[in-house]
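Q: Provided herewith: coords.txt, compact mmCIF, C-alpha atoms and all ligand atoms.
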```txt
# COMPACT_ATOMS: atom_id res chain seq x y z
CA MET A 265 -16.90 -20.11 -3.05
CA LYS A 266 -16.11 -16.78 -4.74
CA LEU A 267 -14.05 -17.54 -7.83
CA LEU A 268 -12.04 -15.07 -9.85
CA VAL A 269 -11.92 -16.66 -13.32
CA THR A 270 -9.64 -15.15 -15.97
CA GLY A 271 -10.45 -15.75 -19.64
CA GLY A 272 -14.08 -16.49 -18.79
CA ALA A 273 -15.31 -15.25 -22.18
CA GLY A 274 -13.20 -17.89 -23.99
CA PHE A 275 -14.06 -21.44 -24.95
CA ILE A 276 -13.09 -23.32 -21.76
CA GLY A 277 -13.42 -20.32 -19.40
CA SER A 278 -17.06 -19.79 -20.40
CA ALA A 279 -17.82 -23.48 -19.73
CA VAL A 280 -16.23 -23.07 -16.27
CA VAL A 281 -18.22 -19.89 -15.56
CA ARG A 282 -21.53 -21.45 -16.65
CA LEU A 283 -20.95 -24.59 -14.56
CA ALA A 284 -19.68 -22.69 -11.49
CA VAL A 285 -22.71 -20.37 -11.45
CA ALA A 286 -25.05 -23.34 -12.01
CA ARG A 287 -23.49 -24.94 -8.90
CA GLY A 288 -24.08 -21.82 -6.82
CA HIS A 289 -20.58 -20.31 -6.79
CA ARG A 290 -20.07 -16.57 -7.14
CA VAL A 291 -17.90 -15.78 -10.16
CA VAL A 292 -15.96 -12.70 -11.26
CA ASN A 293 -14.91 -13.03 -14.88
CA VAL A 294 -11.76 -11.04 -15.78
CA ASP A 295 -11.34 -10.89 -19.54
CA ALA A 296 -9.78 -8.44 -22.02
CA LEU A 297 -12.21 -9.58 -24.75
CA THR A 298 -9.60 -10.32 -27.41
CA TYR A 299 -10.49 -11.70 -30.86
CA ALA A 300 -11.03 -15.11 -29.17
CA ALA A 301 -13.68 -13.92 -26.73
CA CYS A 302 -17.37 -14.60 -27.27
CA PRO A 303 -19.30 -12.84 -24.48
CA ASP A 304 -22.60 -14.24 -25.75
CA THR A 305 -21.41 -17.65 -24.53
CA LEU A 306 -22.28 -16.26 -21.09
CA ALA A 307 -25.86 -15.27 -21.89
CA ALA A 308 -27.12 -17.98 -19.49
CA VAL A 309 -25.40 -16.32 -16.51
CA ALA A 310 -25.14 -12.67 -17.55
CA ASP A 311 -28.11 -11.56 -15.41
CA SER A 312 -27.35 -13.82 -12.44
CA PRO A 313 -26.63 -12.06 -9.13
CA LEU A 314 -23.81 -14.62 -8.74
CA TYR A 315 -21.96 -13.28 -11.83
CA ALA A 316 -19.82 -10.15 -12.37
CA PHE A 317 -17.69 -9.10 -15.31
CA GLU A 318 -14.46 -7.06 -15.26
CA HIS A 319 -13.16 -5.91 -18.62
CA VAL A 320 -9.48 -6.04 -17.68
CA ASP A 321 -6.27 -7.05 -19.44
CA ILE A 322 -4.06 -9.28 -17.27
CA ARG A 323 -1.04 -7.36 -18.54
CA ASP A 324 -2.38 -4.38 -16.52
CA ARG A 325 -1.18 -4.96 -12.95
CA PRO A 326 -2.84 -1.91 -11.28
CA ALA A 327 -6.19 -2.92 -12.80
CA LEU A 328 -5.73 -6.45 -11.40
CA ASP A 329 -4.96 -5.10 -7.93
CA ALA A 330 -8.20 -3.10 -8.07
CA VAL A 331 -10.17 -6.21 -9.10
CA PHE A 332 -8.77 -8.25 -6.18
CA ALA A 333 -9.53 -5.43 -3.71
CA ARG A 334 -13.07 -5.00 -5.07
CA HIS A 335 -14.07 -8.67 -5.19
CA ARG A 336 -11.96 -10.36 -2.48
CA PRO A 337 -11.97 -13.82 -4.13
CA ASP A 338 -11.55 -17.14 -2.27
CA ALA A 339 -9.79 -18.67 -5.26
CA VAL A 340 -8.40 -17.79 -8.68
CA MET A 341 -8.86 -19.95 -11.77
CA HIS A 342 -6.43 -18.57 -14.34
CA LEU A 343 -7.41 -19.49 -17.90
CA ALA A 344 -6.77 -16.25 -19.83
CA ALA A 345 -4.21 -16.93 -22.53
CA GLU A 346 -3.42 -16.69 -26.18
CA SER A 347 -4.30 -20.26 -27.11
CA HIS A 348 -3.96 -20.94 -30.83
CA VAL A 349 -0.71 -22.67 -31.88
CA ASP A 350 -0.94 -21.47 -35.50
CA ARG A 351 -1.31 -17.84 -34.35
CA SER A 352 1.76 -18.29 -32.10
CA ILE A 353 3.80 -19.24 -35.15
CA ASP A 354 2.77 -16.11 -37.07
CA GLY A 355 2.93 -13.69 -34.10
CA PRO A 356 4.57 -14.97 -30.90
CA ALA A 357 4.78 -11.56 -29.14
CA ASP A 358 1.21 -11.63 -27.77
CA PHE A 359 1.88 -15.12 -26.38
CA ILE A 360 4.86 -13.86 -24.40
CA GLY A 361 2.93 -10.80 -23.19
CA THR A 362 -0.26 -12.54 -22.08
CA ASN A 363 0.84 -16.07 -21.21
CA ILE A 364 4.09 -15.20 -19.42
CA THR A 365 3.93 -11.55 -18.28
CA GLY A 366 0.18 -11.81 -17.74
CA THR A 367 0.62 -14.88 -15.52
CA PHE A 368 3.40 -13.10 -13.61
CA ASN A 369 1.00 -10.18 -12.99
CA MET A 370 -1.73 -12.55 -11.85
CA LEU A 371 0.64 -14.26 -9.41
CA GLU A 372 1.83 -10.96 -7.98
CA ALA A 373 -1.66 -9.48 -7.70
CA ALA A 374 -2.91 -12.70 -6.07
CA ARG A 375 0.06 -12.83 -3.69
CA ALA A 376 -0.42 -9.20 -2.64
CA TRP A 377 -4.13 -9.83 -2.02
CA TRP A 378 -3.45 -13.08 -0.13
CA ILE A 379 -0.94 -11.36 2.18
CA ARG A 380 -3.29 -8.40 2.78
CA ALA A 381 -6.10 -10.84 3.63
CA GLY A 382 -3.88 -12.49 6.31
CA ARG A 383 -2.76 -15.49 4.21
CA PRO A 384 -6.09 -17.39 4.41
CA GLU A 385 -5.38 -21.12 4.42
CA ALA A 386 -8.20 -21.90 2.02
CA PHE A 387 -7.03 -19.48 -0.71
CA ARG A 388 -6.08 -21.15 -4.01
CA PHE A 389 -4.38 -20.01 -7.23
CA HIS A 390 -5.31 -22.59 -9.87
CA HIS A 391 -3.33 -22.28 -13.09
CA ILE A 392 -4.90 -23.96 -16.13
CA SER A 393 -2.34 -25.28 -18.60
CA THR A 394 -1.95 -27.72 -21.44
CA ASP A 395 -0.39 -31.11 -22.18
CA GLU A 396 1.53 -29.41 -25.01
CA VAL A 397 4.20 -28.37 -22.47
CA PHE A 398 5.39 -32.00 -22.43
CA GLY A 399 6.31 -32.07 -26.12
CA SER A 400 5.67 -34.95 -28.48
CA LEU A 401 5.23 -38.69 -27.72
CA PRO A 402 6.24 -41.74 -29.77
CA PRO A 403 3.39 -43.90 -31.15
CA ASP A 404 3.77 -46.55 -28.36
CA PRO A 405 0.36 -46.56 -26.53
CA ALA A 406 2.10 -47.58 -23.27
CA VAL A 407 3.87 -44.19 -23.14
CA ARG A 408 1.68 -41.32 -21.90
CA PHE A 409 2.24 -37.97 -20.19
CA THR A 410 2.30 -38.17 -16.39
CA GLU A 411 2.73 -35.26 -13.99
CA ASP A 412 6.45 -36.22 -13.83
CA THR A 413 7.09 -36.11 -17.59
CA PRO A 414 9.87 -33.57 -18.23
CA TYR A 415 8.84 -30.38 -20.01
CA ASP A 416 9.81 -30.19 -23.69
CA PRO A 417 7.70 -27.51 -25.38
CA ARG A 418 8.20 -27.09 -29.10
CA SER A 419 5.95 -24.23 -30.28
CA PRO A 420 5.88 -20.58 -29.16
CA TYR A 421 2.45 -21.34 -27.61
CA SER A 422 3.59 -24.37 -25.61
CA ALA A 423 6.85 -22.66 -24.60
CA SER A 424 4.91 -19.68 -23.25
CA LYS A 425 2.56 -21.98 -21.31
CA ALA A 426 5.54 -23.97 -19.97
CA SER A 427 7.11 -20.71 -18.77
CA SER A 428 3.91 -19.77 -16.98
CA ASP A 429 3.74 -23.21 -15.29
CA HIS A 430 7.31 -22.72 -14.01
CA LEU A 431 6.42 -19.29 -12.62
CA VAL A 432 3.40 -20.72 -10.79
CA ARG A 433 5.50 -23.49 -9.17
CA ALA A 434 8.18 -20.95 -8.23
CA TRP A 435 5.61 -18.72 -6.50
CA HIS A 436 4.60 -21.72 -4.41
CA GLU A 437 8.14 -22.79 -3.50
CA THR A 438 9.45 -19.26 -2.93
CA TYR A 439 6.49 -17.37 -1.45
CA GLY A 440 4.26 -20.20 -0.24
CA LEU A 441 1.37 -19.13 -2.47
CA PRO A 442 -1.17 -22.00 -2.36
CA VAL A 443 -1.17 -23.00 -6.02
CA LEU A 444 -2.65 -25.85 -8.07
CA LEU A 445 -1.84 -26.70 -11.68
CA THR A 446 -3.71 -28.71 -14.29
CA ASN A 447 -2.43 -29.81 -17.71
CA CYS A 448 -5.19 -30.84 -20.04
CA SER A 449 -5.45 -32.48 -23.44
CA ASN A 450 -7.31 -31.12 -26.49
CA ASN A 451 -10.80 -29.89 -25.74
CA TYR A 452 -13.81 -29.80 -28.04
CA GLY A 453 -17.50 -29.01 -27.62
CA PRO A 454 -20.07 -26.20 -27.84
CA PHE A 455 -18.88 -22.61 -28.46
CA HIS A 456 -15.49 -23.74 -29.84
CA PHE A 457 -13.97 -20.89 -31.86
CA PRO A 458 -14.22 -21.69 -35.58
CA GLU A 459 -10.48 -21.69 -36.24
CA LYS A 460 -9.85 -24.91 -34.28
CA LEU A 461 -9.98 -28.34 -35.91
CA VAL A 462 -13.38 -29.70 -34.80
CA PRO A 463 -15.49 -26.62 -35.69
CA VAL A 464 -13.47 -26.00 -38.87
CA ILE A 465 -14.33 -29.51 -40.08
CA ILE A 466 -18.03 -29.29 -39.17
CA LEU A 467 -18.50 -25.83 -40.70
CA ASN A 468 -16.44 -26.45 -43.86
CA ALA A 469 -18.33 -29.69 -44.41
CA LEU A 470 -21.67 -27.90 -44.20
CA ALA A 471 -20.40 -25.16 -46.56
CA GLY A 472 -19.23 -27.72 -49.15
CA LYS A 473 -15.60 -26.57 -48.68
CA PRO A 474 -12.45 -28.73 -48.46
CA LEU A 475 -11.83 -30.33 -45.04
CA PRO A 476 -8.18 -29.47 -44.35
CA VAL A 477 -6.10 -32.19 -42.67
CA TYR A 478 -2.49 -31.23 -41.82
CA GLY A 479 0.24 -33.50 -43.24
CA ASP A 480 -0.95 -37.09 -43.56
CA GLY A 481 -3.44 -36.76 -40.67
CA SER A 482 -1.52 -39.19 -38.46
CA ASN A 483 -0.97 -36.74 -35.55
CA VAL A 484 -2.68 -38.17 -32.48
CA ARG A 485 -4.50 -36.13 -29.84
CA ASP A 486 -6.33 -37.16 -26.64
CA TRP A 487 -9.79 -35.54 -26.90
CA LEU A 488 -11.79 -34.23 -23.94
CA TYR A 489 -15.32 -32.79 -23.98
CA VAL A 490 -15.12 -29.20 -22.69
CA GLU A 491 -17.86 -29.62 -20.07
CA ASP A 492 -15.97 -32.57 -18.59
CA HIS A 493 -12.87 -30.38 -18.39
CA ALA A 494 -14.86 -27.65 -16.59
CA ASP A 495 -16.13 -30.27 -14.12
CA ALA A 496 -12.57 -31.49 -13.46
CA LEU A 497 -11.31 -27.93 -12.92
CA LEU A 498 -14.00 -27.16 -10.33
CA LEU A 499 -13.10 -30.38 -8.51
CA VAL A 500 -9.37 -29.58 -8.49
CA VAL A 501 -9.83 -26.02 -7.23
CA ALA A 502 -12.00 -27.30 -4.36
CA GLU A 503 -10.20 -30.53 -3.44
CA GLY A 504 -6.78 -30.62 -5.13
CA ARG A 505 -3.67 -30.86 -2.93
CA VAL A 506 -1.79 -27.56 -2.67
CA GLY A 507 1.38 -27.37 -4.75
CA ARG A 508 0.32 -30.34 -6.84
CA SER A 509 -0.38 -30.66 -10.55
CA TYR A 510 -3.01 -32.90 -12.16
CA ASN A 511 -3.11 -34.15 -15.74
CA ILE A 512 -6.61 -34.14 -17.20
CA GLY A 513 -7.47 -36.24 -20.25
CA GLY A 514 -10.29 -38.21 -21.73
CA GLU A 515 -8.32 -41.39 -22.56
CA ASN A 516 -9.73 -40.89 -26.05
CA GLU A 517 -6.78 -40.99 -28.45
CA ARG A 518 -7.63 -40.36 -32.09
CA SER A 519 -5.50 -39.43 -35.09
CA ASN A 520 -6.62 -36.22 -36.76
CA LEU A 521 -7.71 -38.20 -39.79
CA GLU A 522 -9.80 -40.61 -37.67
CA LEU A 523 -11.39 -37.65 -35.89
CA VAL A 524 -12.28 -35.96 -39.18
CA LYS A 525 -13.74 -39.20 -40.56
CA THR A 526 -15.85 -39.62 -37.39
CA LEU A 527 -17.22 -36.09 -37.78
CA CYS A 528 -18.04 -36.79 -41.44
CA ALA A 529 -19.88 -40.00 -40.49
CA ILE A 530 -21.95 -38.15 -37.86
CA LEU A 531 -22.82 -35.40 -40.37
CA ASP A 532 -23.69 -38.00 -43.01
CA ARG A 533 -26.34 -39.30 -40.59
CA LYS A 534 -27.59 -36.00 -39.20
CA ARG A 535 -27.46 -33.74 -42.28
CA PRO A 536 -27.01 -36.06 -45.29
CA LYS A 537 -25.69 -34.56 -48.52
CA ALA A 538 -27.75 -34.88 -51.68
CA GLN A 539 -25.08 -37.30 -52.94
CA GLY A 540 -22.05 -39.01 -51.41
CA SER A 541 -20.28 -38.50 -48.07
CA TYR A 542 -18.69 -35.44 -46.47
CA ALA A 543 -15.51 -37.55 -46.30
CA GLU A 544 -15.06 -36.88 -50.01
CA GLN A 545 -14.24 -33.24 -49.07
CA ILE A 546 -11.14 -34.31 -47.04
CA THR A 547 -8.04 -32.54 -48.40
CA PHE A 548 -4.47 -33.01 -47.12
CA VAL A 549 -2.65 -29.67 -46.69
CA THR A 550 0.95 -28.65 -45.86
CA ASP A 551 1.77 -29.65 -42.28
CA ARG A 552 2.18 -27.14 -39.43
CA PRO A 553 5.92 -26.47 -38.76
CA GLY A 554 7.10 -28.49 -35.73
CA HIS A 555 3.76 -30.34 -35.54
CA ASP A 556 3.93 -32.65 -32.48
CA ALA A 557 3.22 -36.29 -33.42
CA ARG A 558 1.25 -37.51 -30.42
CA TYR A 559 -0.19 -36.28 -27.12
CA ALA A 560 -1.73 -38.70 -24.62
CA ILE A 561 -2.56 -38.13 -20.97
CA ASP A 562 -2.28 -40.60 -18.11
CA PRO A 563 -5.06 -39.30 -15.82
CA SER A 564 -4.39 -41.79 -12.97
CA ARG A 565 -3.63 -39.09 -10.39
CA ILE A 566 -6.87 -37.11 -10.76
CA ARG A 567 -8.84 -40.37 -10.97
CA GLU A 568 -7.24 -41.98 -7.92
CA GLU A 569 -6.85 -38.91 -5.66
CA LEU A 570 -10.00 -37.00 -6.55
CA GLY A 571 -12.23 -39.67 -8.11
CA TRP A 572 -12.70 -37.79 -11.40
CA ARG A 573 -13.67 -39.42 -14.70
CA PRO A 574 -15.00 -37.94 -17.93
CA SER A 575 -18.77 -38.35 -18.35
CA VAL A 576 -18.76 -38.98 -22.12
CA THR A 577 -16.69 -40.95 -24.62
CA VAL A 578 -15.27 -39.12 -27.63
CA ASP A 579 -18.00 -40.60 -29.86
CA GLU A 580 -20.75 -39.33 -27.56
CA GLY A 581 -19.06 -35.94 -27.17
CA LEU A 582 -18.56 -35.46 -30.91
CA GLU A 583 -22.20 -36.39 -31.52
CA LYS A 584 -23.31 -33.73 -29.00
CA THR A 585 -20.93 -31.21 -30.55
CA VAL A 586 -22.21 -31.73 -34.10
CA GLU A 587 -25.79 -31.43 -32.83
CA TRP A 588 -24.86 -28.17 -31.08
CA TYR A 589 -23.32 -26.64 -34.22
CA LEU A 590 -26.33 -27.70 -36.31
CA ALA A 591 -28.65 -26.00 -33.80
CA ASN A 592 -26.60 -22.82 -33.27
CA GLU A 593 -25.90 -21.45 -36.73
CA ALA A 594 -26.50 -17.81 -35.71
CA TRP A 595 -23.67 -18.04 -33.14
CA TRP A 596 -21.02 -19.50 -35.45
CA ARG A 597 -22.00 -17.37 -38.45
CA ALA A 598 -21.48 -14.20 -36.39
CA VAL A 599 -18.04 -15.40 -35.24
CA GLN A 600 -17.06 -16.46 -38.77
CA ASP A 601 -17.93 -12.94 -40.01
CA ARG A 602 -15.18 -11.47 -37.81
CA GLN A 603 -12.18 -10.27 -39.76
CA GLY A 604 -9.47 -12.87 -40.39
CA VAL A 605 -11.41 -15.88 -39.04
CA GLY A 606 -11.07 -18.88 -41.35
CA GLU A 607 -7.75 -17.87 -42.95
CA ARG A 608 -4.94 -20.46 -42.96
CA LEU A 609 -2.46 -19.45 -40.24
CA GLY A 610 0.86 -20.78 -38.98
CA VAL A 611 2.61 -21.62 -42.25
CA SER A 612 5.09 -18.73 -42.14
CA ALA A 613 7.94 -20.44 -40.27
N1 LIG U 1 -8.44 -25.36 -25.97
C1 LIG U 1 -7.79 -26.43 -25.53
O1 LIG U 1 -7.92 -27.52 -26.11
C2 LIG U 1 -6.93 -26.35 -24.28
C3 LIG U 1 -6.39 -27.52 -23.76
C4 LIG U 1 -5.65 -27.46 -22.59
C5 LIG U 1 -5.45 -26.24 -21.96
N2 LIG U 1 -5.96 -25.10 -22.49
C6 LIG U 1 -5.73 -23.84 -21.75
O2 LIG U 1 -6.99 -23.41 -21.26
C7 LIG U 1 -7.06 -21.99 -21.24
C8 LIG U 1 -8.28 -21.53 -22.00
O3 LIG U 1 -8.21 -22.00 -23.34
P1 LIG U 1 -9.35 -21.66 -24.40
O4 LIG U 1 -9.27 -22.65 -25.50
O5 LIG U 1 -10.64 -21.46 -23.69
O6 LIG U 1 -8.84 -20.24 -24.93
P2 LIG U 1 -9.61 -19.14 -25.77
O7 LIG U 1 -8.61 -18.59 -26.74
O8 LIG U 1 -10.91 -19.67 -26.30
O9 LIG U 1 -9.98 -18.02 -24.71
C9 LIG U 1 -9.01 -17.22 -24.08
C10 LIG U 1 -9.73 -16.09 -23.34
O10 LIG U 1 -8.72 -15.32 -22.68
C11 LIG U 1 -8.96 -13.95 -22.92
N3 LIG U 1 -7.67 -13.25 -22.92
C12 LIG U 1 -6.65 -13.40 -23.82
N4 LIG U 1 -5.65 -12.53 -23.53
C13 LIG U 1 -6.04 -11.86 -22.42
C14 LIG U 1 -5.44 -10.85 -21.63
N5 LIG U 1 -4.23 -10.32 -21.92
N6 LIG U 1 -6.10 -10.38 -20.53
C15 LIG U 1 -7.34 -10.90 -20.22
N7 LIG U 1 -7.98 -11.81 -20.95
C16 LIG U 1 -7.33 -12.30 -22.03
C17 LIG U 1 -9.63 -13.91 -24.29
O11 LIG U 1 -10.37 -12.70 -24.48
C18 LIG U 1 -10.51 -15.15 -24.25
O12 LIG U 1 -11.78 -14.86 -23.71
C19 LIG U 1 -5.74 -21.49 -21.83
O13 LIG U 1 -4.90 -21.14 -20.77
C20 LIG U 1 -5.20 -22.69 -22.59
O14 LIG U 1 -3.80 -22.67 -22.62
C21 LIG U 1 -6.69 -25.13 -23.64
```
In C-alpha cells, write the structure found in this file.

A:
Amino acid sequence: MKLLVTGGAGFIGSAVVRLAVARGHRVVNVDALTYAACPDTLAAVADSPLYAFEHVDIRDRPALDAVFARHRPDAVMHLAAESHVDRSIDGPADFIGTNITGTFNMLEAARAWWIRAGRPEAFRFHHISTDEVFGSLPPDPAVRFTEDTPYDPRSPYSASKASSDHLVRAWHETYGLPVLLTNCSNNYGPFHFPEKLVPVIILNALAGKPLPVYGDGSNVRDWLYVEDHADALLLVVAEGRVGRSYNIGGENERSNLELVKTLCAILDRKRPKAQGSYAEQITFVTDRPGHDARYAIDPSRIREELGWRPSVTVDEGLEKTVEWYLANEAWWRAVQDRQGVGERLGVSA
C-alpha cells in the first residue's frame, strides 16, 4: 500500500512511519516540521527506497494538491496536529488553523485526488483523533468511552479535534469519501516529546528536579504504548469498515500519581539514587484549568471486529520506555535544548 502520512515527524506519526516501512509499505510523510517535530526519529527509514518526505504545511492547499498528484497515494493517515493541551490554553489560534482548517484542506485535497483517480473503491482517508473529544468521565469503572459516547470537548485542543472529526464524518456522508476514524487514549513510549508527562517525569527525576503532578494527581488516564497504537492504526487503515470509527485504548487506567510513582519505582531499580527514592521529588503543582477527571476507553469494537489487542501492559511499556530514555540521552538532550521546552505552560486561563 502507498500511504500518505501527515505528521510523520511527530511522536505517533514517526512510530507509524517506522512500522509501515518495516512492513513493506511505501510511505510519503507530509510534515511542516513545527516545534514538535523530530526528524531524527525517522533515521531508521530515511534512506529506504520505500520512504519519501514532503516538507509541507497542511494549511497550504495548493501544496497538498501537488503532493497528491506527485505521489498518488492508496490511503491517507492524517495525524498532523497541534497536540499539546497546555499549549492550546496559552495559544489556541494554531490549534484552529492546523487541526480544523488543516483537516478541511486535507479532506478537500484527498477528495479532489480521489475523484480524479476515478473514485477507487480501495481508497481510504483515515483520521487519527483522541479520546479527549468525549470529555470527562466519572470515577465509576463501569463507565467508559464507546464509539457512541456523545462529544463533549472541554479544552481548545479537544474542541479543535472534535471539530475535525465532525468534518471527516460530514465528508463521508455528503461526498461519499471513504473515511475511517480512530479515537485513542494517552500514548507513551520512545521519542515522546519532553513536555508531556511521562518524559517530563523521567527526565526531571534524573536531573534531581521536582516531579510536577497537577492538582492532587487523581486524574485518571488510559495509557497505551505508542508502538501498539501504530499497529492498531495500520490494521484499521487496511481492514476497518468505511465510515466507521474505532476507539483504541490499552485498558490500562492509572491516576497520574500512580503513574508517576510507577516511573519512580522503575528508576529506583534501574538507576538508583545515592540515597532515597525518586518519589521524594514528587511535587504537587497548580492544576491545569478545566482538567478532565478521567478518560477510559472501551476497545470492544476494534477487538471484536478486527481482532486487535495491545501487546504490552502498562507496566511492561513503562519499563521499556524508561530503558529507552536511559539509553538515548543524546536525543532528549538535543530536544530539551530547544527554546521554550520545559517551561510550565497552560496556566494562563
Ligand atoms: N499523543 C497522544 O497521546 C495522542 C493520543 C490520541 C490521539 N493523538 C492524536 O495523534 C496525532 C499525533 O499526535 P502526536 O502526539 O504524535 O503529535 P506531535 O505533536 O508529536 O506531532 C505532530 C506532528 O504534526 C506536525 N504538524 C503540526 N502542524 C502541522 C501543519 N500545519 N502541517 C503539517 N504538519 C504539521 C508536527 O511538525 C509534528 O511532526 C494528533 O492528531 C493527536 O491529536 C495523540

Q: Give me, as an NGL selection string, the set of residues whose atoms come within 6 Å of any atom of ligand LIG 1 (chain U), counting all atoms listed in the file.

A: :A and (271-277 or 295-298 or 300-301 or 320-323 or 343-347 or 362 or 392-394 or 448-451)

Q: From the set A:Val432, A:Ala386, A:Val340, A:Ile353, which residue has the shortest atom-to-atom contact distance to Phe368 of chain A, counting all atoms listed in the file?

A: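 Closest to Phe368 of chain A, using all atoms listed in the file: A:Val432.
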
Q: Between atom CA of Gly514 of chain A and atom CA of Asp579 of chain A, measure the distance and give it in Å to one decimal.

A: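 Pair atom CA of Gly514 of chain A / atom CA of Asp579 of chain A returns 11.5 Å.
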
Q: With only C-alpha atoms as the atoms that count, which of A:Ala373, A:Leu431, A:Val292, A:Val349 lies nearest to Glu459 of chain A?

A: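 Between A:Ala373, A:Leu431, A:Val292, A:Val349, the residue approaching Glu459 of chain A most closely is A:Val349.
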
Q: Pick the closest to Arg597 of chain A from A:Phe457, A:Val576, A:His391, A:Pro414: which is it, counting all atoms listed in the file?

A: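 Going through A:Phe457, A:Val576, A:His391, A:Pro414 one by one, the smallest distance to Arg597 of chain A is for A:Phe457.
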
Q: Using all atoms listed in the file, which of the listed residues (A:Pro574, A:Asp551, A:Ala406, A:Gly440) sits closest to Arg388 of chain A?

A: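 Answer, going by the shortest atom-to-atom distance: A:Gly440.
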
Q: Write segment 484-497 of chain A as a tab-separated table (two decimals), in the coordinates of the input, completed to N, CA and C atoms.

A:
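Saved file rebuild-v6.tsv follows:
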```tsv
chain	number	residue	atom	x	y	z
A	484	VAL	N	-1.70	-37.64	-33.44
A	484	VAL	CA	-2.68	-38.17	-32.48
A	484	VAL	C	-2.89	-37.19	-31.33
A	485	ARG	N	-4.16	-36.96	-30.98
A	485	ARG	CA	-4.50	-36.13	-29.84
A	485	ARG	C	-5.45	-36.91	-28.94
A	486	ASP	N	-5.52	-36.48	-27.65
A	486	ASP	CA	-6.33	-37.16	-26.64
A	486	ASP	C	-7.48	-36.20	-26.36
A	487	TRP	N	-8.71	-36.53	-26.84
A	487	TRP	CA	-9.79	-35.54	-26.90
A	487	TRP	C	-10.66	-35.55	-25.66
A	488	LEU	N	-10.97	-34.36	-25.16
A	488	LEU	CA	-11.79	-34.23	-23.94
A	488	LEU	C	-12.93	-33.24	-24.19
A	489	TYR	N	-14.14	-33.65	-23.83
A	489	TYR	CA	-15.32	-32.79	-23.98
A	489	TYR	C	-15.20	-31.62	-22.99
A	490	VAL	N	-15.43	-30.40	-23.48
A	490	VAL	CA	-15.12	-29.20	-22.69
A	490	VAL	C	-15.87	-29.18	-21.36
A	491	GLU	N	-17.10	-29.68	-21.33
A	491	GLU	CA	-17.86	-29.62	-20.07
A	491	GLU	C	-17.30	-30.60	-19.04
A	492	ASP	N	-16.67	-31.67	-19.52
A	492	ASP	CA	-15.97	-32.57	-18.59
A	492	ASP	C	-14.72	-31.89	-18.03
A	493	HIS	N	-14.04	-31.12	-18.88
A	493	HIS	CA	-12.87	-30.38	-18.39
A	493	HIS	C	-13.30	-29.38	-17.31
A	494	ALA	N	-14.39	-28.65	-17.57
A	494	ALA	CA	-14.86	-27.65	-16.59
A	494	ALA	C	-15.18	-28.34	-15.26
A	495	ASP	N	-15.78	-29.51	-15.33
A	495	ASP	CA	-16.13	-30.27	-14.12
A	495	ASP	C	-14.85	-30.66	-13.36
A	496	ALA	N	-13.84	-31.11	-14.10
A	496	ALA	CA	-12.57	-31.49	-13.46
A	496	ALA	C	-11.91	-30.27	-12.80
A	497	LEU	N	-11.96	-29.13	-13.46
A	497	LEU	CA	-11.31	-27.93	-12.92
A	497	LEU	C	-11.98	-27.49	-11.61
```
